[in-house]
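Listing of coords-v3.cif; format and content: mmCIF, C-alpha atoms.
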data_model
#
loop_
_atom_site.label_atom_id
_atom_site.label_comp_id
_atom_site.auth_asym_id
_atom_site.auth_seq_id
_atom_site.Cartn_x
_atom_site.Cartn_y
_atom_site.Cartn_z
CA MET D 1 -1.35 17.77 -19.51
CA GLU D 2 -1.23 14.14 -20.65
CA THR D 3 1.09 13.20 -17.81
CA ILE D 4 -1.28 14.85 -15.33
CA LEU D 5 -4.25 12.95 -16.76
CA LEU D 6 -2.26 9.73 -16.60
CA ALA D 7 -1.23 10.43 -13.00
CA VAL D 8 -4.82 11.24 -11.99
CA SER D 9 -6.18 8.09 -13.67
CA LEU D 10 -3.53 5.87 -12.13
CA GLY D 11 -4.19 7.55 -8.78
CA PHE D 12 -7.86 6.61 -9.09
CA VAL D 13 -6.93 3.02 -10.00
CA ALA D 14 -4.58 2.91 -7.00
CA GLY D 15 -7.50 3.93 -4.78
CA VAL D 16 -9.78 1.20 -6.17
CA PHE D 17 -6.96 -1.28 -5.60
CA ALA D 18 -6.46 0.00 -2.04
CA GLY D 19 -10.15 -0.34 -1.23
CA LEU D 20 -10.41 -3.80 -2.72
CA PHE D 21 -7.37 -5.31 -1.07
CA GLY D 22 -7.10 -3.38 2.19
CA VAL D 23 -3.78 -1.78 1.30
CA GLY D 24 -2.74 1.86 1.00
CA GLY D 25 -2.19 2.03 -2.74
CA GLY D 26 1.52 2.76 -2.47
CA ILE D 27 2.38 -0.14 -4.75
CA LEU D 28 0.77 1.88 -7.59
CA PHE D 29 1.60 5.39 -6.31
CA VAL D 30 5.33 4.79 -6.46
CA PRO D 31 5.53 3.68 -10.13
CA THR D 32 3.03 6.40 -11.10
CA LEU D 33 5.24 9.05 -9.51
CA VAL D 34 8.35 7.60 -11.14
CA LEU D 35 7.09 6.72 -14.63
CA ALA D 36 4.38 9.36 -15.21
CA LEU D 37 5.68 12.29 -13.16
CA GLY D 38 9.41 11.72 -13.30
CA LEU D 39 10.29 11.69 -9.59
CA ASP D 40 13.33 9.68 -8.56
CA GLN D 41 12.68 6.45 -6.67
CA LEU D 42 13.38 7.75 -3.13
CA HIS D 43 11.27 10.91 -3.55
CA ALA D 44 8.47 8.86 -5.14
CA GLN D 45 8.47 6.46 -2.19
CA ALA D 46 8.50 9.27 0.37
CA THR D 47 5.70 11.09 -1.48
CA SER D 48 3.66 7.91 -1.77
CA LEU D 49 3.51 7.64 2.03
CA LEU D 50 1.94 11.10 2.26
CA ALA D 51 -0.45 10.44 -0.67
CA MET D 52 -1.68 7.35 1.15
CA LEU D 53 -2.97 9.17 4.23
CA PRO D 54 -6.35 10.44 2.91
CA VAL D 55 -6.88 7.12 1.09
CA VAL D 56 -6.34 5.12 4.26
CA ALA D 57 -8.46 7.51 6.34
CA VAL D 58 -11.43 7.11 3.99
CA GLY D 59 -10.86 3.37 3.60
CA THR D 60 -10.70 2.86 7.36
CA TRP D 61 -13.84 4.91 7.88
CA ARG D 62 -15.70 2.77 5.32
CA GLN D 63 -14.44 -0.50 6.80
CA ARG D 64 -15.43 0.65 10.27
CA ARG D 65 -18.99 1.00 9.10
CA TYR D 66 -18.87 -2.60 7.96
CA GLY D 67 -17.47 -3.59 11.35
CA HIS D 68 -14.41 -5.58 10.25
CA ILE D 69 -11.69 -3.57 12.00
CA ARG D 70 -10.11 -4.80 15.24
CA MET D 71 -8.95 -1.53 16.73
CA ARG D 72 -6.56 -2.62 19.48
CA PRO D 73 -4.55 -4.95 17.24
CA ALA D 74 -4.44 -2.19 14.61
CA LEU D 75 -2.95 0.20 17.17
CA VAL D 76 -0.37 -2.40 18.29
CA LEU D 77 0.63 -3.02 14.66
CA GLY D 78 0.87 0.68 13.87
CA ILE D 79 2.83 1.65 16.98
CA ALA D 80 5.24 -1.29 16.71
CA GLY D 81 5.65 -0.27 13.07
CA ALA D 82 7.42 2.98 14.05
CA ALA D 83 10.69 1.18 14.86
CA GLY D 84 10.50 -0.67 11.56
CA VAL D 85 9.84 2.60 9.73
CA VAL D 86 13.04 4.14 11.08
CA ALA D 87 15.11 1.08 10.10
CA GLY D 88 13.52 0.80 6.65
CA GLY D 89 13.79 4.55 6.08
CA PHE D 90 17.52 4.64 6.79
CA LEU D 91 18.07 1.60 4.57
CA ALA D 92 16.09 3.20 1.70
CA GLU D 93 18.21 6.35 2.01
CA SER D 94 21.49 4.48 2.02
CA LEU D 95 20.76 2.28 -1.01
CA PRO D 96 21.83 3.55 -4.44
CA GLU D 97 18.94 4.82 -6.57
CA GLY D 98 19.19 2.01 -9.14
CA ALA D 99 19.23 -0.71 -6.48
CA LEU D 100 16.14 0.73 -4.79
CA GLU D 101 14.29 0.85 -8.11
CA ARG D 102 15.21 -2.74 -8.92
CA LEU D 103 14.18 -3.96 -5.47
CA PHE D 104 10.86 -2.19 -5.92
CA GLY D 105 10.42 -3.90 -9.30
CA LEU D 106 10.98 -7.27 -7.62
CA LEU D 107 8.45 -6.37 -4.92
CA LEU D 108 5.91 -5.58 -7.67
CA LEU D 109 6.50 -8.96 -9.28
CA ALA D 110 6.05 -10.69 -5.91
CA VAL D 111 2.79 -8.84 -5.27
CA ALA D 112 1.55 -9.66 -8.79
CA ALA D 113 2.29 -13.34 -8.16
CA GLN D 114 0.59 -13.22 -4.74
CA LEU D 115 -2.54 -11.60 -6.25
CA ALA D 116 -2.72 -14.14 -9.05
CA TRP D 117 -2.27 -16.97 -6.57
CA ARG D 118 -5.01 -15.66 -4.27
CA ALA D 119 -7.36 -15.22 -7.21
CA LEU D 120 -6.77 -18.76 -8.42
CA HIS D 121 -6.89 -20.36 -4.94
CA PRO D 122 -9.72 -18.53 -3.18
CA ARG D 123 -10.13 -19.04 0.54
CA PRO D 124 -13.39 -18.66 2.47
CA THR D 125 -14.04 -14.99 3.27
CA THR D 126 -16.66 -15.26 6.01
CA PRO D 127 -15.48 -13.14 8.99
CA MET O 1 3.81 -10.32 20.69
CA ARG O 2 3.10 -11.73 17.28
CA LEU O 3 1.36 -8.48 16.38
CA VAL O 4 4.42 -6.48 17.48
CA LEU O 5 6.64 -8.52 15.13
CA ILE O 6 4.19 -8.18 12.25
CA GLY O 7 4.01 -4.42 12.88
CA LEU O 8 7.81 -4.14 12.90
CA ALA O 9 8.07 -6.02 9.62
CA ALA O 10 5.31 -3.92 8.05
CA GLY O 11 6.95 -0.67 9.15
CA PHE O 12 10.30 -1.79 7.76
CA PHE O 13 8.79 -2.75 4.42
CA GLY O 14 6.60 0.32 4.37
CA ALA O 15 9.46 2.78 4.76
CA LEU O 16 11.86 0.82 2.56
CA PHE O 17 9.44 0.76 -0.38
CA GLY O 18 7.10 3.69 0.22
CA VAL O 19 4.12 1.43 0.70
CA GLY O 20 2.03 1.01 3.82
CA GLY O 21 3.05 -2.54 4.56
CA GLY O 22 -0.39 -4.00 3.91
CA ILE O 23 1.20 -6.26 1.32
CA ILE O 24 2.87 -8.23 4.06
CA MET O 25 0.53 -7.47 6.97
CA VAL O 26 -2.56 -9.02 5.37
CA PRO O 27 -0.98 -12.42 4.60
CA LEU O 28 0.87 -12.50 7.95
CA LEU O 29 -2.32 -11.80 9.89
CA ILE O 30 -4.10 -14.55 7.97
CA LEU O 31 -1.31 -17.12 8.13
CA THR O 32 0.13 -16.53 11.61
CA ALA O 33 -2.56 -14.81 13.67
CA ALA O 34 -5.67 -16.73 12.60
CA TYR O 35 -7.41 -13.78 10.97
CA THR O 36 -9.89 -14.33 8.18
CA GLU O 37 -9.50 -12.27 5.03
CA ARG O 38 -11.81 -9.29 5.63
CA PRO O 39 -10.89 -8.52 9.26
CA ALA O 40 -7.21 -8.93 8.25
CA MET O 41 -7.63 -6.40 5.43
CA ALA O 42 -9.61 -3.93 7.52
CA THR O 43 -7.30 -4.13 10.54
CA SER O 44 -4.23 -3.84 8.32
CA LEU O 45 -5.70 -0.75 6.63
CA ALA O 46 -6.07 1.02 9.98
CA ALA O 47 -2.48 0.09 10.90
CA ILE O 48 -1.25 1.33 7.50
CA GLY O 49 -2.61 4.76 8.38
CA LEU O 50 -0.23 4.95 11.35
CA ILE O 51 2.72 3.48 9.45
CA ALA O 52 2.26 5.81 6.47
CA ALA O 53 2.04 8.81 8.82
CA GLU O 54 5.24 7.72 10.59
CA GLY O 55 6.97 7.22 7.24
CA ALA O 56 5.75 10.55 5.84
CA ILE O 57 7.17 12.29 8.94
CA PHE O 58 10.48 10.37 8.70
CA PHE O 59 11.01 11.39 5.06
CA GLY O 60 9.23 14.73 5.37
CA VAL O 61 11.73 16.15 7.87
CA ARG O 62 14.47 15.19 5.38
CA GLY O 63 12.77 17.12 2.58
CA ASP O 64 12.09 14.03 0.45
CA VAL O 65 8.28 14.42 0.28
CA GLU O 66 6.69 16.37 -2.62
CA PRO O 67 3.25 17.48 -1.30
CA GLY O 68 1.96 18.72 -4.68
CA TYR O 69 2.62 15.37 -6.33
CA ALA O 70 1.15 13.57 -3.33
CA ALA O 71 -2.10 15.51 -3.83
CA LEU O 72 -2.10 14.81 -7.56
CA VAL O 73 -2.27 11.03 -7.03
CA GLY O 74 -3.72 10.95 -3.51
CA ILE O 75 -6.90 12.92 -4.17
CA PRO O 76 -8.14 10.81 -7.11
CA ALA O 77 -7.17 7.74 -5.10
CA THR O 78 -9.38 8.88 -2.24
CA VAL O 79 -12.31 8.84 -4.67
CA GLY O 80 -11.15 5.45 -5.96
CA VAL O 81 -11.06 3.89 -2.51
CA LEU O 82 -14.81 4.54 -2.11
CA ALA O 83 -15.42 2.55 -5.29
CA GLY O 84 -13.00 -0.16 -4.17
CA THR O 85 -14.51 -0.70 -0.72
CA SER O 86 -18.06 -0.96 -2.06
CA LEU O 87 -16.95 -3.39 -4.78
CA GLN O 88 -15.24 -5.47 -2.10
CA GLN O 89 -18.52 -5.85 -0.21
CA ARG O 90 -20.45 -6.79 -3.32
CA LEU O 91 -18.59 -9.08 -5.63
CA ALA O 92 -16.11 -11.85 -5.88
CA THR O 93 -12.96 -10.03 -6.84
CA ARG O 94 -11.27 -12.84 -8.73
CA THR O 95 -11.29 -11.17 -12.14
CA LEU O 96 -10.17 -7.85 -10.72
CA SER O 97 -7.37 -9.56 -8.80
CA LEU O 98 -6.11 -11.11 -12.00
CA ALA O 99 -6.39 -7.80 -13.85
CA PHE O 100 -4.38 -6.02 -11.12
CA SER O 101 -1.85 -8.82 -11.13
CA VAL O 102 -1.27 -8.29 -14.86
CA LEU O 103 -1.05 -4.51 -14.39
CA LEU O 104 1.54 -4.82 -11.61
CA ALA O 105 3.59 -7.35 -13.56
CA ALA O 106 3.60 -5.02 -16.59
CA ILE O 107 4.79 -2.08 -14.46
CA ALA O 108 7.46 -4.30 -12.87
CA VAL O 109 8.78 -5.25 -16.30
CA ARG O 110 8.82 -1.57 -17.29
CA LEU O 111 10.83 -0.72 -14.16
CA LEU O 112 13.23 -3.65 -14.36
CA VAL O 113 14.05 -3.71 -18.04
#
Go ahead and render the structure in this file as structure tokens.
Amino acid sequence: METILLAVSLGFVAGVFAGLFGVGGGILFVPTLVLALGLDQLHAQATSLLAMLPVVAVGTWRQRRYGHIRMRPALVLGIAGAAGVVAGGFLAESLPEGALERLFGLLLLAVAAQLAWRALHPRPTTP
Amino acid sequence: MRLVLIGLAAGFFGALFGVGGGIIMVPLLILTAAYTERPAMATSLAAIGLIAAEGAIFFGVRGDVEPGYAALVGIPATVGVLAGTSLQQRLATRTLSLAFSVLLAAIAVRLLV
């Protein structure tokens, strides 16, 4: 019960994060699935991609209302992404579990540093 | 062409780490494709939808996706994203950025140590 509450709360936080920063929330889904729900790293990562879909759909719909999305570039990015997905997916599968978890930890640190840097060096946000 | 390369990199990162790739798409759009912050974030979010779907299919056919767990974190997150997008329109997010930065660093330490 406690783990479910923790997972639900962290899921909510991941959504707020996703909405604020225009990301999918995977950076928080993956550790939630590993640390709170006990999935192994590869299954957590795969599951995170599915969990992201409704979040991104709602986020995109909201952003569309505000008129910030450039649709054609988004399509180019997403379609070109497919080849990268296949390469990254095979690499994730071939790496040992511990290595994948460590790499993910390093990614988290990098994102934390990037966030702190952006907060401390704000750039103009007018579209 | 630049967008194709950014998309490739985002897809690679996305599938390798189970994220959507927004982490690298947003800064790359800002730094190399002359996007300002909000259009970069919004455009990246739409692209993440495609990349996450591609990734979910890639891992799904291999039986690596756990749909019940995905719902457990994904449904509350869908509520959270409504809060996040309206906050983004309303306030300077400096404090929240720092708070998230601390949260992520703490999780990283927990995973690495």
Explicit residues for the PyMOL selection byres ((chain O and resi 74) around 7) (as an NGL selection string): (:D and (11 or 51-52 or 54-55)) or (:O and (70-73 or 75-78))
Residues matched by the PyMOL selection byres ((chain D) within 6 of (chain O)), written as a ChimeraX atom specification: /D:8,11-12,14-16,19-20,22-24,26-27,43,45-51,55-56,60,63,68-70,74,77-78,80-81,84-85,88-89,92,102,105,108-109,112,115-116,119,125,127
CA of Leu29 (chain O) to CA of Trp117 (chain D), straight-line distance in Å: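 Computing it gives 17.3 Å between the two atoms.
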Interatomic distance (Å, one decimal) between CA of Val13 (chain D) and CA of Thr32 (chain D):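 Computing it gives 10.6 Å between the two atoms.
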Padded axis-aligned box of region 27-44 of chain D (3 Å per side), centre and edge lengths, Å, one decimal, as AutoDock Vina command-line options:
--center_x 7.1 --center_y 6.1 --center_z -9.2 --size_x 18.6 --size_y 18.4 --size_z 18.1
